[in-house]
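Here is the file protein33.csv (CSV, C-alpha atoms and all ligand atoms).
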```csv
chain,number,residue,atom,x,y,z
A,1,MET,CA,109.4,91.1,102.2
A,2,LEU,CA,108.9,92.6,105.6
A,3,ASP,CA,106.8,91.0,108.3
A,4,GLY,CA,105.3,88.6,105.8
A,5,LYS,CA,104.2,91.5,103.5
A,6,LYS,CA,105.6,92.7,100.2
A,7,THR,CA,107.3,96.1,100.4
A,8,LEU,CA,106.1,99.1,98.6
A,9,PHE,CA,107.9,102.4,98.1
A,10,SER,CA,106.7,105.7,96.6
A,11,GLY,CA,107.4,109.3,97.0
A,12,MET,CA,106.4,112.8,95.9
A,13,GLN,CA,108.3,116.0,95.6
A,14,ALA,CA,107.4,119.0,97.6
A,15,THR,CA,107.7,121.3,94.6
A,16,GLY,CA,104.4,123.2,94.4
A,17,GLN,CA,101.2,122.4,96.2
A,18,LEU,CA,99.6,119.0,95.8
A,19,THR,CA,96.7,119.0,93.3
A,20,LEU,CA,93.5,117.1,93.0
A,21,GLY,CA,95.3,115.2,90.2
A,22,ASN,CA,98.0,114.1,92.6
A,23,TYR,CA,95.4,113.0,95.1
A,24,LEU,CA,93.1,111.1,92.7
A,25,GLY,CA,95.9,109.7,90.6
A,26,ALA,CA,98.4,108.7,93.3
A,27,LEU,CA,97.7,109.5,97.0
A,28,LYS,CA,94.2,107.9,97.1
A,29,ASN,CA,95.6,104.7,95.5
A,30,TRP,CA,98.4,104.6,98.1
A,31,VAL,CA,95.8,104.6,100.8
A,32,HIS,CA,94.1,101.6,99.2
A,33,LEU,CA,97.5,99.8,98.8
A,34,SER,CA,98.7,100.5,102.3
A,35,ASP,CA,96.8,97.6,103.9
A,36,GLU,CA,98.2,95.1,101.6
A,37,TYR,CA,101.9,96.1,101.7
A,38,GLN,CA,104.6,97.2,104.1
A,39,CYS,CA,104.9,100.8,102.9
A,40,PHE,CA,107.4,103.5,102.8
A,41,PHE,CA,106.1,106.9,101.6
A,42,SER,CA,108.8,109.5,101.4
A,43,VAL,CA,108.7,113.3,100.9
A,44,VAL,CA,111.6,113.3,98.4
A,45,ASP,CA,113.2,116.6,99.3
A,46,LEU,CA,116.7,115.6,98.0
A,47,HIS,CA,115.1,115.4,94.6
A,48,SER,CA,113.5,118.8,95.0
A,49,ILE,CA,116.8,120.7,95.0
A,50,THR,CA,117.6,119.6,91.5
A,51,VAL,CA,115.6,122.7,90.7
A,52,ARG,CA,116.3,125.9,92.6
A,53,GLN,CA,114.1,126.3,95.7
A,54,ASN,CA,113.4,128.9,98.3
A,55,PRO,CA,114.6,127.2,101.6
A,56,THR,CA,111.8,128.5,103.8
A,57,GLU,CA,109.2,127.6,101.3
A,58,LEU,CA,110.7,124.1,100.7
A,59,ARG,CA,110.7,123.4,104.4
A,60,GLN,CA,107.1,124.5,104.7
A,61,ARG,CA,105.9,122.6,101.7
A,62,ALA,CA,107.6,119.5,102.7
A,63,ARG,CA,105.9,119.6,106.1
A,64,ASN,CA,102.6,120.3,104.5
A,65,LEU,CA,103.1,117.4,102.1
A,66,LEU,CA,104.0,115.0,104.9
A,67,ALA,CA,100.9,116.1,106.9
A,68,LEU,CA,98.8,115.6,103.7
A,69,TYR,CA,100.0,112.0,103.4
A,70,ILE,CA,98.6,111.4,106.8
A,71,ALA,CA,95.5,113.5,106.4
A,72,ALA,CA,94.7,111.6,103.2
A,73,GLY,CA,94.5,108.4,105.2
A,74,LEU,CA,98.0,106.9,105.4
A,75,ASP,CA,98.4,105.7,109.0
A,76,PRO,CA,101.9,106.7,110.3
A,77,GLU,CA,101.8,103.9,112.8
A,78,LYS,CA,101.5,101.3,110.0
A,79,ASN,CA,103.3,103.1,107.2
A,80,CYS,CA,106.7,104.7,107.2
A,81,ILE,CA,106.1,108.3,106.3
A,82,TYR,CA,109.3,110.3,106.4
A,83,TYR,CA,111.6,112.9,104.8
A,84,GLN,CA,114.2,111.5,102.4
A,85,SER,CA,116.7,114.0,103.8
A,86,HIS,CA,116.4,112.4,107.3
A,87,VAL,CA,117.8,109.1,106.0
A,88,SER,CA,121.4,109.6,104.9
A,89,GLY,CA,121.4,106.1,103.3
A,90,HIS,CA,119.6,107.6,100.2
A,91,ALA,CA,122.5,109.8,99.3
A,92,GLU,CA,125.1,107.1,100.2
A,93,LEU,CA,123.5,104.4,98.1
A,94,SER,CA,122.9,106.9,95.3
A,95,TRP,CA,126.7,107.5,95.1
A,96,ILE,CA,127.5,103.8,95.0
A,97,LEU,CA,124.8,103.2,92.4
A,98,SER,CA,126.0,106.1,90.2
A,99,CYS,CA,129.2,104.1,89.7
A,100,TYR,CA,127.1,101.3,88.2
A,101,THR,CA,125.1,103.6,85.9
A,102,TYR,CA,126.2,104.7,82.5
A,103,MET,CA,126.2,108.2,81.1
A,104,GLY,CA,124.5,106.9,78.1
A,105,GLU,CA,121.6,105.5,80.1
A,106,LEU,CA,121.1,108.8,81.9
A,107,SER,CA,121.3,110.8,78.7
A,108,ARG,CA,118.3,108.8,77.3
A,109,MET,CA,116.0,109.9,80.2
A,110,THR,CA,113.2,112.0,78.7
A,111,GLN,CA,112.5,113.7,82.0
A,112,PHE,CA,116.1,114.9,82.1
A,113,LYS,CA,115.8,116.2,78.5
A,114,ASP,CA,112.5,118.0,79.3
A,115,LYS,CA,113.8,119.5,82.6
A,116,ALA,CA,117.1,120.6,81.0
A,117,ALA,CA,115.1,122.4,78.3
A,118,LYS,CA,112.9,124.0,80.9
A,119,HIS,CA,115.7,125.1,83.3
A,120,ALA,CA,118.4,125.9,80.7
A,121,ASP,CA,120.1,128.2,83.1
A,122,ASN,CA,120.6,125.5,85.7
A,123,ILE,CA,121.4,122.1,84.1
A,124,ASN,CA,123.1,120.8,87.2
A,125,ALA,CA,124.7,117.3,87.7
A,126,GLY,CA,121.9,116.5,90.2
A,127,LEU,CA,119.3,116.9,87.5
A,128,PHE,CA,121.3,114.4,85.4
A,129,THR,CA,121.7,111.8,88.2
A,130,TYR,CA,118.2,112.3,89.5
A,131,PRO,CA,117.2,108.8,88.3
A,132,VAL,CA,120.1,107.2,90.3
A,133,LEU,CA,118.8,108.8,93.5
A,134,MET,CA,115.4,107.4,92.7
A,135,ALA,CA,116.9,104.0,92.2
A,136,ALA,CA,118.6,104.3,95.6
A,137,ASP,CA,115.2,105.3,97.2
A,138,ILE,CA,113.6,102.1,95.9
A,139,LEU,CA,116.4,99.6,96.3
A,140,LEU,CA,117.3,100.8,99.8
A,141,TYR,CA,114.2,99.2,101.2
A,142,GLN,CA,114.3,96.0,99.1
A,143,THR,CA,111.1,97.2,97.5
A,144,ASP,CA,108.8,94.8,95.7
A,145,VAL,CA,106.4,97.3,94.1
A,146,VAL,CA,106.5,100.9,93.2
A,147,PRO,CA,103.2,102.8,92.3
A,148,VAL,CA,104.2,105.5,89.8
A,149,GLY,CA,102.6,107.5,87.0
A,150,ASP,CA,103.4,106.8,83.4
A,151,ASP,CA,106.0,109.6,83.4
A,152,GLN,CA,108.2,107.6,85.8
A,153,ARG,CA,108.1,104.4,83.8
A,154,GLN,CA,111.6,105.0,82.3
A,155,HIS,CA,113.1,105.7,85.7
A,156,LEU,CA,111.7,102.5,87.0
A,157,GLU,CA,113.1,100.5,84.1
A,158,LEU,CA,116.5,102.0,84.8
A,159,THR,CA,116.2,101.1,88.5
A,160,ARG,CA,115.6,97.5,87.5
A,161,ASP,CA,118.6,97.6,85.1
A,162,ILE,CA,120.9,99.0,87.8
A,163,ALA,CA,119.7,96.4,90.3
A,164,LEU,CA,120.1,93.5,87.9
A,165,ARG,CA,123.6,94.7,87.0
A,166,PHE,CA,124.6,95.0,90.6
A,167,ASN,CA,123.1,91.6,91.4
A,168,HIS,CA,124.9,90.0,88.4
A,169,ILE,CA,128.3,91.2,89.8
A,170,TYR,CA,127.7,90.6,93.6
A,171,GLY,CA,125.0,88.0,93.9
A,172,ASP,CA,121.5,88.5,95.3
A,173,VAL,CA,121.8,92.0,96.9
A,174,PHE,CA,118.7,93.8,95.7
A,175,THR,CA,115.1,92.8,95.3
A,176,ILE,CA,114.1,93.6,91.7
A,177,PRO,CA,111.1,96.0,91.9
A,178,GLU,CA,108.0,95.9,89.8
A,179,ALA,CA,106.1,99.0,88.7
A,180,TYR,CA,102.5,99.4,89.8
A,181,TYR,CA,100.6,101.6,87.4
A,182,GLY,CA,97.2,101.5,89.1
A,183,LYS,CA,94.0,101.7,87.2
A,184,SER,CA,93.8,104.0,84.2
A,185,GLY,CA,91.1,106.7,84.0
A,186,ALA,CA,92.3,108.5,87.0
A,187,ARG,CA,94.3,111.0,84.9
A,188,ILE,CA,92.9,114.4,85.8
A,189,MET,CA,93.4,117.2,83.2
A,190,SER,CA,93.9,120.9,83.6
A,191,LEU,CA,90.7,123.0,84.1
A,192,GLN,CA,92.0,125.5,81.6
A,193,ASP,CA,93.3,123.2,78.9
A,194,ALA,CA,92.0,119.6,78.8
A,195,SER,CA,94.9,118.5,76.6
A,196,LYS,CA,97.4,118.9,79.5
A,197,LYS,CA,97.4,117.1,82.8
A,198,MET,CA,96.6,118.9,85.9
A,199,SER,CA,100.0,119.7,87.4
A,200,LYS,CA,101.3,121.3,90.5
A,201,SER,CA,103.9,123.3,88.5
A,202,ASP,CA,101.3,124.8,86.1
A,203,GLU,CA,101.8,128.6,86.1
A,204,ASN,CA,98.0,129.3,85.9
A,205,PRO,CA,96.5,128.7,89.4
A,206,ASN,CA,93.1,128.4,87.8
A,207,ALA,CA,94.2,125.3,86.0
A,208,SER,CA,94.6,123.2,89.1
A,209,ILE,CA,92.6,122.5,92.2
A,210,TYR,CA,95.0,122.4,95.2
A,211,LEU,CA,94.2,120.0,98.0
A,212,LEU,CA,94.3,122.9,100.5
A,213,ASP,CA,92.2,125.3,98.4
A,214,ALA,CA,89.3,126.9,100.4
A,215,PRO,CA,85.8,125.8,99.3
A,216,GLU,CA,85.0,129.1,97.7
A,217,VAL,CA,88.2,129.0,95.7
A,218,ILE,CA,87.4,125.5,94.5
A,219,MET,CA,83.9,126.6,93.4
A,220,ARG,CA,85.3,129.6,91.6
A,221,LYS,CA,87.9,127.6,89.8
A,222,PHE,CA,85.2,125.2,88.5
A,223,LYS,CA,83.0,128.1,87.5
A,224,ARG,CA,85.9,129.4,85.4
A,225,ALA,CA,86.8,126.0,84.0
A,226,VAL,CA,87.0,126.1,80.2
A,227,THR,CA,84.4,124.1,78.3
A,228,ASP,CA,83.3,123.8,74.7
A,229,SER,CA,80.5,125.9,73.2
A,230,ASP,CA,78.1,122.9,72.9
A,231,THR,CA,75.5,122.2,75.7
A,232,LYS,CA,75.3,118.4,75.8
A,233,ILE,CA,76.7,116.6,78.8
A,234,ILE,CA,78.0,113.3,77.5
A,235,TYR,CA,81.1,111.2,78.3
A,236,THR,CA,83.3,111.1,75.2
A,237,GLU,CA,86.8,111.7,74.1
A,238,GLN,CA,85.4,114.2,71.6
A,239,LYS,CA,84.5,116.5,74.5
A,240,PRO,CA,87.6,116.4,76.7
A,241,GLU,CA,86.6,119.3,79.0
A,242,ILE,CA,83.2,117.7,79.9
A,243,LYS,CA,84.8,114.3,80.1
A,244,ASN,CA,87.4,115.7,82.6
A,245,LEU,CA,84.6,117.3,84.7
A,246,LEU,CA,82.7,114.0,84.7
A,247,ASP,CA,85.9,112.1,85.6
A,248,ILE,CA,86.4,114.3,88.5
A,249,TYR,CA,82.8,113.9,89.6
A,250,MET,CA,83.0,110.1,89.3
A,251,ALA,CA,86.3,109.9,91.1
A,252,THR,CA,85.3,112.1,94.0
A,253,THR,CA,81.8,110.6,94.5
A,254,GLY,CA,82.4,107.0,93.5
A,255,ILE,CA,79.3,107.2,91.2
A,256,GLY,CA,79.7,105.2,87.9
A,257,GLU,CA,79.7,106.7,84.4
A,258,GLN,CA,76.1,105.8,83.4
A,259,GLU,CA,74.6,107.1,86.6
A,260,ALA,CA,76.7,110.2,86.6
A,261,VAL,CA,75.7,111.1,83.0
A,262,ALA,CA,72.0,110.3,83.7
A,263,SER,CA,72.0,112.6,86.7
A,264,PHE,CA,73.1,115.5,84.5
A,265,GLU,CA,70.5,114.9,81.8
A,266,GLY,CA,68.8,118.1,80.8
A,267,LYS,CA,71.1,120.2,82.9
A,268,GLY,CA,73.5,122.9,81.6
A,269,TYR,CA,77.2,123.3,81.9
A,270,ALA,CA,76.9,125.8,84.8
A,271,LYS,CA,75.0,123.2,86.9
A,272,LEU,CA,77.6,120.5,86.0
A,273,LYS,CA,80.4,122.8,87.1
A,274,GLU,CA,78.6,123.6,90.3
A,275,GLU,CA,77.9,120.0,91.2
A,276,VAL,CA,81.4,118.9,90.4
A,277,GLY,CA,82.7,121.7,92.6
A,278,GLU,CA,80.5,120.7,95.4
A,279,ALA,CA,81.6,117.0,95.1
A,280,VAL,CA,85.2,118.1,95.2
A,281,VAL,CA,84.6,120.3,98.2
A,282,ALA,CA,82.9,117.5,100.1
A,283,CYS,CA,85.7,115.0,99.1
A,284,LEU,CA,88.5,117.4,100.3
A,285,GLU,CA,86.8,118.7,103.4
A,286,PRO,CA,87.7,115.9,105.8
A,287,ILE,CA,91.3,115.8,104.4
A,288,GLN,CA,91.6,119.6,105.0
A,289,LYS,CA,90.2,119.3,108.5
A,290,ARG,CA,92.7,116.5,109.4
A,291,HIS,CA,95.5,118.5,107.8
A,292,SER,CA,94.8,121.6,109.7
A,293,ASP,CA,94.6,119.6,113.0
A,294,LEU,CA,97.9,117.9,112.3
A,295,ILE,CA,99.7,121.2,111.4
A,296,LYS,CA,98.4,122.7,114.7
A,297,ASN,CA,99.5,119.6,116.7
A,298,LYS,CA,103.3,120.3,116.4
A,299,ASP,CA,104.4,117.8,119.0
A,300,TYR,CA,102.4,114.9,117.5
A,301,LEU,CA,103.7,115.6,114.0
A,302,ASP,CA,107.3,116.0,115.2
A,303,GLY,CA,107.0,112.7,117.0
A,304,VAL,CA,105.8,111.0,113.9
A,305,ILE,CA,108.6,112.5,111.8
A,306,LYS,CA,111.2,111.4,114.4
A,307,SER,CA,110.0,107.8,114.9
A,308,ASN,CA,109.4,107.1,111.3
A,309,ALA,CA,112.8,108.5,110.3
A,310,GLU,CA,114.3,106.1,112.8
A,311,LYS,CA,112.3,103.2,111.4
A,312,ALA,CA,113.4,104.1,107.8
A,313,ASN,CA,117.0,104.5,108.9
A,314,TYR,CA,116.9,101.0,110.5
A,315,TYR,CA,115.9,99.3,107.2
A,316,ALA,CA,118.1,101.6,105.0
A,317,ALA,CA,121.2,100.8,107.1
A,318,LYS,CA,120.6,97.1,106.7
A,319,THR,CA,120.8,97.3,102.9
A,320,LEU,CA,123.5,99.9,102.9
A,321,ARG,CA,125.8,97.7,105.1
A,322,LYS,CA,125.3,94.8,102.8
A,323,VAL,CA,126.1,96.9,99.7
A,324,GLN,CA,129.2,98.4,101.3
A,325,LYS,CA,130.5,95.0,102.2
A,326,LYS,CA,129.9,93.7,98.7
A,327,VAL,CA,131.8,96.5,97.0
A,328,GLY,CA,134.7,96.1,99.3
A,329,PHE,CA,134.5,98.9,101.9
A,330,PRO,CA,136.3,98.1,105.2
A,331,VAL,CA,134.2,96.5,107.9
A,332,ARG,CA,133.4,98.8,110.8
A,333,VAL,CA,135.0,97.9,114.2
A,334,ARG,CA,132.2,98.0,116.8
A,401,LIG,P1,105.2,118.6,88.4
A,401,LIG,O1,104.2,119.6,87.9
A,401,LIG,O2,106.1,119.1,89.5
A,401,LIG,O3,105.8,117.7,87.4
A,401,LIG,P2,103.0,116.8,88.9
A,401,LIG,O4,101.8,117.5,89.5
A,401,LIG,O5,102.9,116.5,87.5
A,401,LIG,O6,104.2,117.6,89.3
A,401,LIG,P3,104.4,114.5,90.0
A,401,LIG,O7,105.2,115.0,91.3
A,401,LIG,O8,105.1,114.3,88.8
A,401,LIG,O9,103.1,115.5,89.8
A,401,LIG,O10,103.6,113.2,90.4
A,401,LIG,C1,103.2,112.8,91.6
A,401,LIG,C2,102.2,111.7,91.4
A,401,LIG,O11,101.0,112.2,91.0
A,401,LIG,C3,102.6,110.7,90.3
A,401,LIG,O12,102.3,109.4,90.7
A,401,LIG,C4,101.7,111.1,89.1
A,401,LIG,O13,101.4,110.0,88.3
A,401,LIG,C5,100.5,111.6,89.8
A,401,LIG,N1,99.8,112.6,89.1
A,401,LIG,C6,100.3,113.8,88.8
A,401,LIG,N2,99.5,114.6,88.1
A,401,LIG,C7,98.4,113.8,87.9
A,401,LIG,C8,97.1,114.0,87.2
A,401,LIG,N3,96.8,115.1,86.6
A,401,LIG,N4,96.2,113.0,87.2
A,401,LIG,C9,96.5,111.8,87.8
A,401,LIG,N5,97.7,111.6,88.4
A,401,LIG,C10,98.6,112.5,88.5
A,402,LIG,N1,110.5,111.1,90.6
A,402,LIG,C1,109.2,110.9,91.2
A,402,LIG,C2,109.3,111.0,92.7
A,402,LIG,C3,110.1,109.9,93.3
A,402,LIG,C4,109.7,108.6,93.4
A,402,LIG,C5,110.9,107.9,94.0
A,402,LIG,C6,108.6,107.9,93.0
A,402,LIG,C7,111.4,110.0,93.8
A,402,LIG,N2,111.8,108.8,94.2
A,402,LIG,C8,110.8,106.5,94.2
A,402,LIG,C9,108.6,106.5,93.2
A,402,LIG,C10,109.7,105.8,93.8
A,402,LIG,C11,108.3,112.0,90.7
A,402,LIG,O1,108.7,113.1,90.4
A,402,LIG,N3,107.0,111.7,90.6
```
How would this structure read if it were set down as structure tokens?
Ligand code: ATP
Ligand code: LTN
Amino acid sequence: MLDGKKTLFSGMQATGQLTLGNYLGALKNWVHLSDEYQCFFSVVDLHSITVRQNPTELRQRARNLLALYIAAGLDPEKNCIYYQSHVSGHAELSWILSCYTYMGELSRMTQFKDKAAKHADNINAGLFTYPVLMAADILLYQTDVVPVGDDQRQHLELTRDIALRFNHIYGDVFTIPEAYYGKSGARIMSLQDASKKMSKSDENPNASIYLLDAPEVIMRKFKRAVTDSDTKIIYTEQKPEIKNLLDIYMATTGIGEQEAVASFEGKGYAKLKEEVGEAVVACLEPIQKRHSDLIKNKDYLDGVIKSNAEKANYYAAKTLRKVQKKVGFPVRVR
């Protein structure tokens, strides 16, 4: 609880460019939640280096991502929008929590198993302890709610287990966070293979719409989107490609299912793709405009980064001091 509001924490990695799936499935919901909660939205760059990164690209992507948070509608005066690496408490708490997390628990994490298989040449210890760092992110701010996708469910359960274990030993130190899964139906699928989710790490750039794609690129990607060989535009699980296009149309225009399907009656797939493309372009245009203004306004963005990191550090230090005292570290002489 901060200033009479519950606390919310979430973060995204700056690996790859943000997709329409990330926006409709996460970022857009964050904007809605940001009025109700005291929010911390982090660009989790410490997590990113569990996979090898090009330093210049990582720095640039992280700045783009932070600017996108703001461009999408998160007010940096009301929400704490910051780089994880600017708050050393994340790494410090992560170390302490790792001493309260079992190898067996971490070995069961499916994301670790998946990523280890995908990056067989770099199964580093950070990849293994990734969920502990995530627990530290959340617990550092005494977070009440964490909006996450389904794939993070297991990590959130582990965070709760670690917090409960710590509290059991030392008393009431951490708030026990709840997951917030949002409404279903916002899962956007790949434009090239509707059985896979649209993902920023997809190797085929035509599979994903990136938030900063130019309008003509967006139109072209929709034109090339894979569909079935039928012609009927109906909303059904049996036609996953058409369903996905309609889902995107509904999510970007706010039009309901019946009205959307009715508006495409008698029209062909080409027209559907064109109209969905136009809807996405219109939805992203104001975000892209704000993003471009922010990136150009270096002083403003740097100011936001600095002041928000200070704010995050203030709250993080409070929790960290409490934890350090509980585990028996010497008190600092002022
Ligand atoms: P990666 O490919 O690096 O795993 P990703 O694009 O799958 O990345 P994440 O960084 O895992 O995205 O997720 C960031 C947030 O976006 C999460 O809350 C996740 O649930 C949401 N998200 C990601 N992809 C989609 C999608 N296709 N539809 C809806 N929500 C999504
Ligand atoms: N692991 C998450 C990103 C993430 C996160 C967090 C999300 C890191 N720390 C804390 C919520 C709360 C991901 O890859 N989507």
Could you give me, as a PyMOL selection string, the residues within 12 Å of Ser94 (chain A), counting only C-alpha atoms and dropping anything in the same chain fewer than 5 positions from it? chain A and resi 46-47+88-89+99-101+126+129-140+159+162+320+323
Set the distance at 9 Å and use only C-alpha atoms: which residues neighbour Asn206 (chain A) once local chain neighbours fewer than 3 positions away are removed? I'd like the list as a PyMOL selection string. chain A and resi 190-192+203+209+220-222+224-225
Output C-alpha atoms of each residue in that selection to a file, as a short mmCIF file (atom, residue, chain, number, x, y, z; two decimals), keeping the file's coordinate frame.
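Output saved as part10.cif:
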```
data_model
loop_
_atom_site.label_atom_id
_atom_site.label_comp_id
_atom_site.auth_asym_id
_atom_site.auth_seq_id
_atom_site.Cartn_x
_atom_site.Cartn_y
_atom_site.Cartn_z
CA SER A 190 93.90 120.90 83.60
CA LEU A 191 90.70 123.00 84.10
CA GLN A 192 92.00 125.50 81.60
CA GLU A 203 101.80 128.60 86.10
CA ILE A 209 92.60 122.50 92.20
CA ARG A 220 85.30 129.60 91.60
CA LYS A 221 87.90 127.60 89.80
CA PHE A 222 85.20 125.20 88.50
CA ARG A 224 85.90 129.40 85.40
CA ALA A 225 86.80 126.00 84.00
#
```
Might you pull out every residue within 12 Å of region 83-86 of chain A, with only C-alpha atoms counted and same-chain residues fewer than 6 positions away left off, and present them as a PDB file with C-alpha atoms, in the coordinates of the input?
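Result file follows (out23.pdb):
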```
ATOM      1  CA  PHE A   9     107.900 102.400  98.100  1.00  0.00           C
ATOM      2  CA  SER A  10     106.700 105.700  96.600  1.00  0.00           C
ATOM      3  CA  GLY A  11     107.400 109.300  97.000  1.00  0.00           C
ATOM      4  CA  MET A  12     106.400 112.800  95.900  1.00  0.00           C
ATOM      5  CA  GLN A  13     108.300 116.000  95.600  1.00  0.00           C
ATOM      6  CA  ALA A  14     107.400 119.000  97.600  1.00  0.00           C
ATOM      7  CA  PHE A  40     107.400 103.500 102.800  1.00  0.00           C
ATOM      8  CA  PHE A  41     106.100 106.900 101.600  1.00  0.00           C
ATOM      9  CA  SER A  42     108.800 109.500 101.400  1.00  0.00           C
ATOM     10  CA  VAL A  43     108.700 113.300 100.900  1.00  0.00           C
ATOM     11  CA  VAL A  44     111.600 113.300  98.400  1.00  0.00           C
ATOM     12  CA  ASP A  45     113.200 116.600  99.300  1.00  0.00           C
ATOM     13  CA  LEU A  46     116.700 115.600  98.000  1.00  0.00           C
ATOM     14  CA  HIS A  47     115.100 115.400  94.600  1.00  0.00           C
ATOM     15  CA  SER A  48     113.500 118.800  95.000  1.00  0.00           C
ATOM     16  CA  ILE A  49     116.800 120.700  95.000  1.00  0.00           C
ATOM     17  CA  LEU A  58     110.700 124.100 100.700  1.00  0.00           C
ATOM     18  CA  ARG A  59     110.700 123.400 104.400  1.00  0.00           C
ATOM     19  CA  ARG A  61     105.900 122.600 101.700  1.00  0.00           C
ATOM     20  CA  ALA A  62     107.600 119.500 102.700  1.00  0.00           C
ATOM     21  CA  ARG A  63     105.900 119.600 106.100  1.00  0.00           C
ATOM     22  CA  ASN A  64     102.600 120.300 104.500  1.00  0.00           C
ATOM     23  CA  LEU A  65     103.100 117.400 102.100  1.00  0.00           C
ATOM     24  CA  LEU A  66     104.000 115.000 104.900  1.00  0.00           C
ATOM     25  CA  ALA A  67     100.900 116.100 106.900  1.00  0.00           C
ATOM     26  CA  TYR A  69     100.000 112.000 103.400  1.00  0.00           C
ATOM     27  CA  GLU A  92     125.100 107.100 100.200  1.00  0.00           C
ATOM     28  CA  LEU A 133     118.800 108.800  93.500  1.00  0.00           C
ATOM     29  CA  MET A 134     115.400 107.400  92.700  1.00  0.00           C
ATOM     30  CA  ALA A 136     118.600 104.300  95.600  1.00  0.00           C
ATOM     31  CA  ASP A 137     115.200 105.300  97.200  1.00  0.00           C
ATOM     32  CA  ILE A 138     113.600 102.100  95.900  1.00  0.00           C
ATOM     33  CA  LEU A 140     117.300 100.800  99.800  1.00  0.00           C
ATOM     34  CA  ASP A 302     107.300 116.000 115.200  1.00  0.00           C
ATOM     35  CA  VAL A 304     105.800 111.000 113.900  1.00  0.00           C
ATOM     36  CA  ILE A 305     108.600 112.500 111.800  1.00  0.00           C
ATOM     37  CA  LYS A 306     111.200 111.400 114.400  1.00  0.00           C
ATOM     38  CA  SER A 307     110.000 107.800 114.900  1.00  0.00           C
ATOM     39  CA  ASN A 308     109.400 107.100 111.300  1.00  0.00           C
ATOM     40  CA  ALA A 309     112.800 108.500 110.300  1.00  0.00           C
ATOM     41  CA  GLU A 310     114.300 106.100 112.800  1.00  0.00           C
ATOM     42  CA  LYS A 311     112.300 103.200 111.400  1.00  0.00           C
ATOM     43  CA  ALA A 312     113.400 104.100 107.800  1.00  0.00           C
ATOM     44  CA  ASN A 313     117.000 104.500 108.900  1.00  0.00           C
ATOM     45  CA  TYR A 314     116.900 101.000 110.500  1.00  0.00           C
ATOM     46  CA  ALA A 316     118.100 101.600 105.000  1.00  0.00           C
TER      47      ALA A 316
END
```
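Of the listed residues (A:Leu246, A:Leu2, A:Ile169, A:Cys80), A:Leu246 comes nearest to Gly277 (chain A); the distances count all atoms listed in the file.
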Per residue of chain A within 10 Å of ligand LIG 401 (chain A), what are the shortest atom pair and its distance in Å to one decimal, counting all atoms listed in the file, with rows by chain and residue number, as CSV?
```
residue,atom,partner,partner_atom,distance
A:Ser10,CA,A:LIG401,O12,8.2
A:Gly11,CA,A:LIG401,C1,7.7
A:Met12,CA,A:LIG401,O7,5.2
A:Gln13,CA,A:LIG401,O7,5.4
A:Ala14,CA,A:LIG401,O7,7.8
A:Thr15,CA,A:LIG401,O2,5.8
A:Gly16,CA,A:LIG401,O2,6.6
A:Gln17,CA,A:LIG401,O4,8.3
A:Leu18,CA,A:LIG401,O4,6.8
A:Thr19,CA,A:LIG401,O4,6.5
A:Leu20,CA,A:LIG401,N3,7.5
A:Gly21,CA,A:LIG401,C8,3.7
A:Asn22,CA,A:LIG401,O11,3.9
A:Tyr23,CA,A:LIG401,O11,7.0
A:Leu24,CA,A:LIG401,C9,6.0
A:Gly25,CA,A:LIG401,N5,3.4
A:Ala26,CA,A:LIG401,O12,4.7
A:Leu27,CA,A:LIG401,O11,7.4
A:Asn29,CA,A:LIG401,O12,9.5
A:Trp30,CA,A:LIG401,O12,9.6
A:Val44,CA,A:LIG401,O7,9.7
A:Ser48,CA,A:LIG401,O2,9.2
A:Gln111,CA,A:LIG401,O3,9.5
A:Lys115,CA,A:LIG401,O3,9.5
A:Val146,CA,A:LIG401,O12,9.8
A:Pro147,CA,A:LIG401,O12,6.9
A:Val148,CA,A:LIG401,O12,4.4
A:Gly149,CA,A:LIG401,O13,3.1
A:Asp150,CA,A:LIG401,O13,6.2
A:Asp151,CA,A:LIG401,O13,6.7
A:Gln152,CA,A:LIG401,O13,7.6
A:Arg153,CA,A:LIG401,O13,9.8
A:Tyr181,CA,A:LIG401,O13,8.5
A:Gly182,CA,A:LIG401,O13,9.5
A:Ser184,CA,A:LIG401,C9,9.0
A:Gly185,CA,A:LIG401,C9,8.3
A:Ala186,CA,A:LIG401,C9,5.4
A:Arg187,CA,A:LIG401,N4,3.6
A:Ile188,CA,A:LIG401,N4,3.8
A:Met189,CA,A:LIG401,N3,5.2
A:Ser190,CA,A:LIG401,N3,7.1
A:Lys196,CA,A:LIG401,N3,8.1
A:Lys197,CA,A:LIG401,N3,4.3
A:Met198,CA,A:LIG401,N3,3.9
A:Ser199,CA,A:LIG401,O4,3.5
A:Lys200,CA,A:LIG401,O4,4.0
A:Ser201,CA,A:LIG401,O1,3.8
A:Asp202,CA,A:LIG401,O1,6.2
A:Glu203,CA,A:LIG401,O1,9.5
A:Ser208,CA,A:LIG401,N3,8.8
A:Ile248,CA,A:LIG401,N4,10.0
```
Counting all atoms listed in the file, which residue out of A:Glu77, A:Glu105, A:Asp144, A:Asp213 sits closest to ligand LIG 402 (chain A)?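 Using all atoms listed in the file, ligand LIG 402 (chain A) sits closest to A:Asp144.
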Quote the spacing between CA of Lys239 (chain A) and CA of Thr253 (chain A) in Å to one decimal place. 21.0 Å
Atom-to-atom span, CA of Arg334 (chain A) and CA of Ala91 (chain A), Å: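 Those two atoms sit 23.2 Å apart.
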The distance between CA of Met219 (chain A) and CA of Ile70 (chain A) is 25.0 Å
Which residues are near Ala282 (chain A)? Cut-off 12 Å, only C-alpha atoms, ignore same chain within fewer than 2 positions. Put them as number ranges by chain. A: 211, 214-215, 218-219, 249, 252-253, 275-280, 284-289
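Closest to ligand LIG 402 (chain A) among A:Trp95, A:Tyr180, A:Ala71, A:Lys118 is A:Tyr180, based on all atoms listed in the file.
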